[in-house]
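Accompanying notes for the structure given below.
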Amino acid sequence: MRITDLKTTPVAFPDPPLRNAWGVHAPLAFRTIVELTTDEGITGIAETYGASVGSVLSSESEPGQGPFAAARRVLIGMDPYHLNRIRILIPSPRVYQAVEIACLDIIGQAVGKPICDLLGGAVRDRVLFAAYLFFKYDGDDPWGEVNTPEAMVREAEMFVERYGFRTLKLKGGVLPPAEEVETIRLLRERFGPEYQLRLDPNAIWSVETSIRVAQQLEPYDLEYLEDPTWGIAGMAEVARRTAIPLATNMCVTRFEDIPQAVRASAVNVILGDHHSWGGLTAFQRLGHVCATFSLGMSMHSNTHLGLSMAAMIHAAAITPNLITACDTHYMWLQEDIIVGDMFRFEEGMLRVPTAPGLGVRLDRDKLARFHERYLKSQERMRDDTAAMRRRDPNYLPLRPRW
Ligand SMILES: [Mg+2]
């Protein structure tokens, strides 16, 4: 079997005004759909980042430019089974990951097996996810404004009631630290010890603030505190001064970061992400490395659609030591691009797809509509700070802010 073409389609879809340490999500989110065709008539699909400020994929919107255009030149004529060769020829993990998933989708369809079966098989039938709690502005969504600790408890109640989550992750770095500590206090008061709580201020606190806030958080039995401060050295300093496990998707983002983080005892948990680490095989390898160094493992998420959702479920299903709930933004998505129903959380879990390949197919009408929305959009790139400055012209994304 030979690859005959690679096609990328940028898409845009509505996103609620979710707040974070950089600003706020703009009204439209962007992703890129990747399709690989073969001489046997099988098409493989995958999803990757849309353009964002400073990202490697930002030139992708120009036809013939960008890393996927370079990947296309490498891939045409290659056998989709030859992933080890393809990985060497496509050095960017963010580009390779989409190619790997599209190739595995092709192979899965060819042999009639789901992707997880091609990578050793699933160790679980359902994958546990966390409710991803965001402070937010009022928007064109059913969730309303959430800008106080009390409102956040109501948001958490809605997610728990609708989807049965047992792990609650709060995206912090938005309100002053004392108010986020109060939010955690109220969440713990409302949700008993059988619920896991996490807080992620995206490294917007100084080392000193992180140490002080971590000590204030200690009574509330956090599962982990994610990226309180910037960098391996800063995280190591905080780790020495708190009993709360520290997690990261910011100071350990590549295999090359792991030796230094382990030597410094900077983190207890690494959040993997197949989109940035280099695909499902890289995610599985990260699982082995975490087990080797007695590190916990979790999963990071960006705003995404159902192709990424399916890939994230396969990734979690083939990684035995990923026993904590994974992150996903999917509960904020109002319309997907896949054929049929959206994924539906039951008891905070999603079922591992069993259909051949990725397990979901692209709805061509929706793809056309999502692409049309992209073409009509004024913005073509994610920029949370610009979106915030449209609300508040004086806003500056200071780091550290507190
Ligand atoms: Mg994070």
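As shown in the structure tokens, the chain order sets the letters A, B, ...; within each chain, residues go from 1, and ligands are also counted from 1 in the order they appear.
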
- Message: Residues contacting ligand 1 - anything with an atom at most 9 Å away, using only C-alpha atoms and all ligand atoms - can you give me those as a PyMOL selection string?
- Response: chain A and resi 171+199-203+226-227+247-250+271+300-301

Requested write-out: N, CA and C atoms of the selected residues, as a short mmCIF file (atom, residue, chain, number, x, y, z; two decimals), in the first residue's frame:
```cif
data_model
loop_
_atom_site.label_atom_id
_atom_site.label_comp_id
_atom_site.auth_asym_id
_atom_site.auth_seq_id
_atom_site.Cartn_x
_atom_site.Cartn_y
_atom_site.Cartn_z
N LYS A 171 -9.00 25.13 36.31
CA LYS A 171 -8.04 25.97 35.60
C LYS A 171 -7.91 27.27 36.36
N LEU A 199 -5.59 21.63 40.72
CA LEU A 199 -5.55 23.07 40.40
C LEU A 199 -4.37 23.33 39.47
N ASP A 200 -4.61 24.09 38.39
CA ASP A 200 -3.57 24.36 37.39
C ASP A 200 -3.53 25.85 37.06
N PRO A 201 -2.64 26.62 37.74
CA PRO A 201 -2.55 28.06 37.44
C PRO A 201 -1.60 28.39 36.30
N ASN A 202 -1.16 27.40 35.55
CA ASN A 202 -0.34 27.63 34.36
C ASN A 202 0.89 28.52 34.63
N ALA A 203 1.58 28.22 35.73
CA ALA A 203 2.89 28.82 36.02
C ALA A 203 2.85 30.34 36.10
N GLU A 226 -0.77 21.61 39.60
CA GLU A 226 -0.14 21.53 38.28
C GLU A 226 0.54 22.86 37.94
N ASP A 227 1.81 22.81 37.61
CA ASP A 227 2.55 23.99 37.14
C ASP A 227 2.23 25.26 37.92
N ALA A 247 2.50 18.45 39.41
CA ALA A 247 2.37 17.88 38.07
C ALA A 247 2.75 18.94 37.05
N THR A 248 3.08 18.52 35.84
CA THR A 248 3.43 19.49 34.81
C THR A 248 3.05 19.05 33.41
N ASN A 249 2.63 20.03 32.61
CA ASN A 249 2.67 19.87 31.17
C ASN A 249 3.42 21.06 30.56
N MET A 250 4.12 21.83 31.42
CA MET A 250 4.80 23.04 30.94
C MET A 250 6.31 22.98 31.09
N LEU A 271 2.06 15.21 32.64
CA LEU A 271 0.88 15.13 31.77
C LEU A 271 1.35 14.97 30.34
N HIS A 300 -2.75 15.72 29.26
CA HIS A 300 -3.03 17.13 29.00
C HIS A 300 -4.02 17.26 27.84
N SER A 301 -4.73 18.38 27.80
CA SER A 301 -5.67 18.63 26.70
C SER A 301 -5.64 20.09 26.27
#
```

- Taking the DSSP assignment computed from this structure's backbone, write out as a PyMOL selection string all residues of stretch 81-265 of chain A that belong to strand (DSSP E or B). chain A and resi 114+126-129+131-134+136+146+167-171+196-200+224-226+246-248

Take the residues that were just selected and, keeping C-alpha atoms, output them as a CSV table (one decimal), in the first residue's frame.
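The resulting part.csv:
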```csv
chain,number,residue,atom,x,y,z
A,114,PRO,CA,-9.2,-0.5,16.2
A,126,ARG,CA,-13.5,2.8,29.4
A,127,VAL,CA,-11.2,5.8,30.1
A,128,LEU,CA,-11.6,8.1,33.1
A,129,PHE,CA,-11.8,11.8,32.4
A,131,ALA,CA,-14.3,17.7,34.6
A,132,TYR,CA,-12.3,20.7,33.3
A,133,LEU,CA,-13.6,23.6,35.3
A,134,PHE,CA,-13.0,27.1,34.0
A,136,LYS,CA,-15.6,32.2,32.3
A,146,VAL,CA,-18.5,31.9,36.4
A,167,THR,CA,-12.2,14.2,39.3
A,168,LEU,CA,-12.5,18.0,39.2
A,169,LYS,CA,-9.7,20.0,37.6
A,170,LEU,CA,-9.8,23.8,38.2
A,171,LYS,CA,-8.0,26.0,35.6
A,196,GLN,CA,-10.2,14.2,43.3
A,197,LEU,CA,-9.3,17.9,43.1
A,198,ARG,CA,-6.6,19.5,40.9
A,199,LEU,CA,-5.6,23.1,40.4
A,200,ASP,CA,-3.6,24.4,37.4
A,224,TYR,CA,-1.9,17.4,42.5
A,225,LEU,CA,-1.0,21.0,41.9
A,226,GLU,CA,-0.1,21.5,38.3
A,246,LEU,CA,3.4,18.6,41.7
A,247,ALA,CA,2.4,17.9,38.1
A,248,THR,CA,3.4,19.5,34.8
```

- Task: Quick one: everything within 8 Å of A:Gly77, counting only C-alpha atoms, minus sequence neighbours fewer than 4 positions away in the same chain. Send it as a list of chain:residue names.
- Result: A:Arg2, A:Ile3, A:Thr4

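For the atom pair formed by atom CA of A:Arg351 and atom CA of A:Ala291, the distance is 24.5 Å, given to one decimal.
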
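When the distance limit is 10 Å and only C-alpha atoms are what count, the residues near A:Ala151, minus those fewer than 6 positions from it on the same chain, are Phe135, Lys136, Gly144, Glu145, Glu157 and Thr183 of chain A.
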
A:Ala21 surroundings by only C-alpha atoms, 12 Å radius, close-in-sequence under 4 positions cut, as a PDB file with C-alpha atoms, in the first residue's frame:
```pdb
ATOM      1  CA  HIS A  25     -10.685  31.887  24.681  1.00  0.00           C
ATOM      2  CA  PHE A 134     -12.957  27.139  33.951  1.00  0.00           C
ATOM      3  CA  PHE A 135     -13.759  30.578  35.216  1.00  0.00           C
ATOM      4  CA  LYS A 171      -8.045  25.970  35.599  1.00  0.00           C
ATOM      5  CA  GLY A 172      -6.524  28.603  37.831  1.00  0.00           C
ATOM      6  CA  GLY A 173      -4.176  31.546  37.372  1.00  0.00           C
ATOM      7  CA  VAL A 174      -7.252  33.722  36.742  1.00  0.00           C
ATOM      8  CA  LEU A 175      -8.430  35.129  40.096  1.00  0.00           C
ATOM      9  CA  PRO A 176      -6.005  36.287  42.806  1.00  0.00           C
ATOM     10  CA  PRO A 177      -4.519  33.204  44.539  1.00  0.00           C
ATOM     11  CA  ASP A 200      -3.569  24.359  37.390  1.00  0.00           C
ATOM     12  CA  PRO A 201      -2.552  28.059  37.440  1.00  0.00           C
ATOM     13  CA  ASN A 202      -0.336  27.634  34.355  1.00  0.00           C
ATOM     14  CA  ALA A 203       2.887  28.815  36.018  1.00  0.00           C
ATOM     15  CA  ILE A 204       1.641  32.339  36.679  1.00  0.00           C
ATOM     16  CA  TRP A 205       2.739  32.411  40.329  1.00  0.00           C
ATOM     17  CA  ASP A 227       2.552  23.989  37.141  1.00  0.00           C
ATOM     18  CA  PRO A 228       2.275  26.536  39.976  1.00  0.00           C
ATOM     19  CA  THR A 229       5.463  28.251  38.750  1.00  0.00           C
ATOM     20  CA  ASP A 384      -6.074  34.402  24.148  1.00  0.00           C
ATOM     21  CA  THR A 385      -4.302  37.626  25.110  1.00  0.00           C
ATOM     22  CA  MET A 388      -8.773  39.463  26.491  1.00  0.00           C
ATOM     23  CA  TYR A 395      -4.899  43.780  30.149  1.00  0.00           C
ATOM     24  CA  LEU A 396      -1.303  42.552  30.186  1.00  0.00           C
ATOM     25  CA  PRO A 397      -0.403  38.844  30.476  1.00  0.00           C
ATOM     26  CA  LEU A 398       2.165  39.384  33.246  1.00  0.00           C
ATOM     27  CA  ARG A 399       4.319  36.429  34.323  1.00  0.00           C
ATOM     28  CA  PRO A 400       4.538  36.005  37.210  1.00  0.00           C
ATOM     29  CA  ARG A 401       1.363  37.943  37.901  1.00  0.00           C
ATOM     30  CA  TRP A 402       1.277  37.088  41.594  1.00  0.00           C
TER      31      TRP A 402
END
```

- Message: For the structure I just gave you, how does DSSP split stretch 132-343 of chain A - specifically, which residues are alpha helix (DSSP H)? Reply as an MDAnalysis selection string.
- Response: chainID A and resid 149:163 177:190 207:217 231:240 258:263 274:277 279:292 306:317

- Task: Show which residues sit within 9 Å of A:Pro320, as a ChimeraX atom specification. Count only C-alpha atoms, and ignore same-chain residues fewer than 3 positions away.
- Result: /A:122-124,284,287,316-317,323

- Any idea what's packed within 12 Å of A:Glu372, counting only C-alpha atoms, ignoring anything in its chain fewer than 3 positions away? Could you give it as a PyMOL selection string? chain A and resi 9-13+365-369+375-377

Keeping only C-alpha atoms, write the selected residues to a file as a PDB file, in the first residue's frame.
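See part.pdb below for the written result:
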```
ATOM      1  CA  THR A   9      -8.177  21.402   6.175  1.00  0.00           C
ATOM      2  CA  PRO A  10      -8.249  24.227   8.749  1.00  0.00           C
ATOM      3  CA  VAL A  11     -11.541  24.408  10.640  1.00  0.00           C
ATOM      4  CA  ALA A  12     -13.172  26.802  13.117  1.00  0.00           C
ATOM      5  CA  PHE A  13     -15.891  26.153  15.699  1.00  0.00           C
ATOM      6  CA  ASP A 365     -20.925  18.165   5.368  1.00  0.00           C
ATOM      7  CA  LYS A 366     -19.795  19.274   8.797  1.00  0.00           C
ATOM      8  CA  LEU A 367     -16.155  19.429   7.656  1.00  0.00           C
ATOM      9  CA  ALA A 368     -17.207  21.720   4.805  1.00  0.00           C
ATOM     10  CA  ARG A 369     -19.220  23.876   7.203  1.00  0.00           C
ATOM     11  CA  LEU A 375     -12.574  30.980   5.804  1.00  0.00           C
ATOM     12  CA  LYS A 376     -15.127  33.577   6.899  1.00  0.00           C
ATOM     13  CA  SER A 377     -13.451  34.235  10.238  1.00  0.00           C
TER      14      SER A 377
END
```

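Distance annotation: of A:Asp5, A:Glu100, A:Asp327, A:Asp15, the residue with the minimal separation from A:Leu358 is A:Glu100; atom set is only C-alpha atoms.
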
- Which residue out of A:Ala315, A:Leu222, A:Val360, A:Val24 has the minimum interatomic distance to A:Ile244 when only C-alpha atoms are used? A:Leu222

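For the choices A:Ala110, A:Ile270, A:Ile337, A:Met1, the atom-to-atom distance to A:Pro80 is smallest for A:Met1 when using only C-alpha atoms.
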
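Taking atom CA of A:Cys251 and atom CA of A:Gly50 as endpoints, the distance between them is 22.3 Å.
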
- Message: With distances taken over only C-alpha atoms, which residue among A:Leu6, A:Glu35, A:Asn268, A:Lys113 lies nearest A:Met78?
- Response: A:Leu6

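Compared by their closest atoms to A:Pro91, and using only C-alpha atoms, the residues A:Ile33, A:Trp277, A:Leu217, A:Gly348 rank with A:Trp277 nearest.
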
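Using only C-alpha atoms, the shortest contact distance between A:Leu119 and any of A:Glu237, A:Asp383, A:Asp105, A:Glu150 is found at A:Asp105.
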
- Expressed in Å to a single decimal, how great is the separation between atom CA of A:Val160 and atom CA of A:Arg344? 13.3 Å
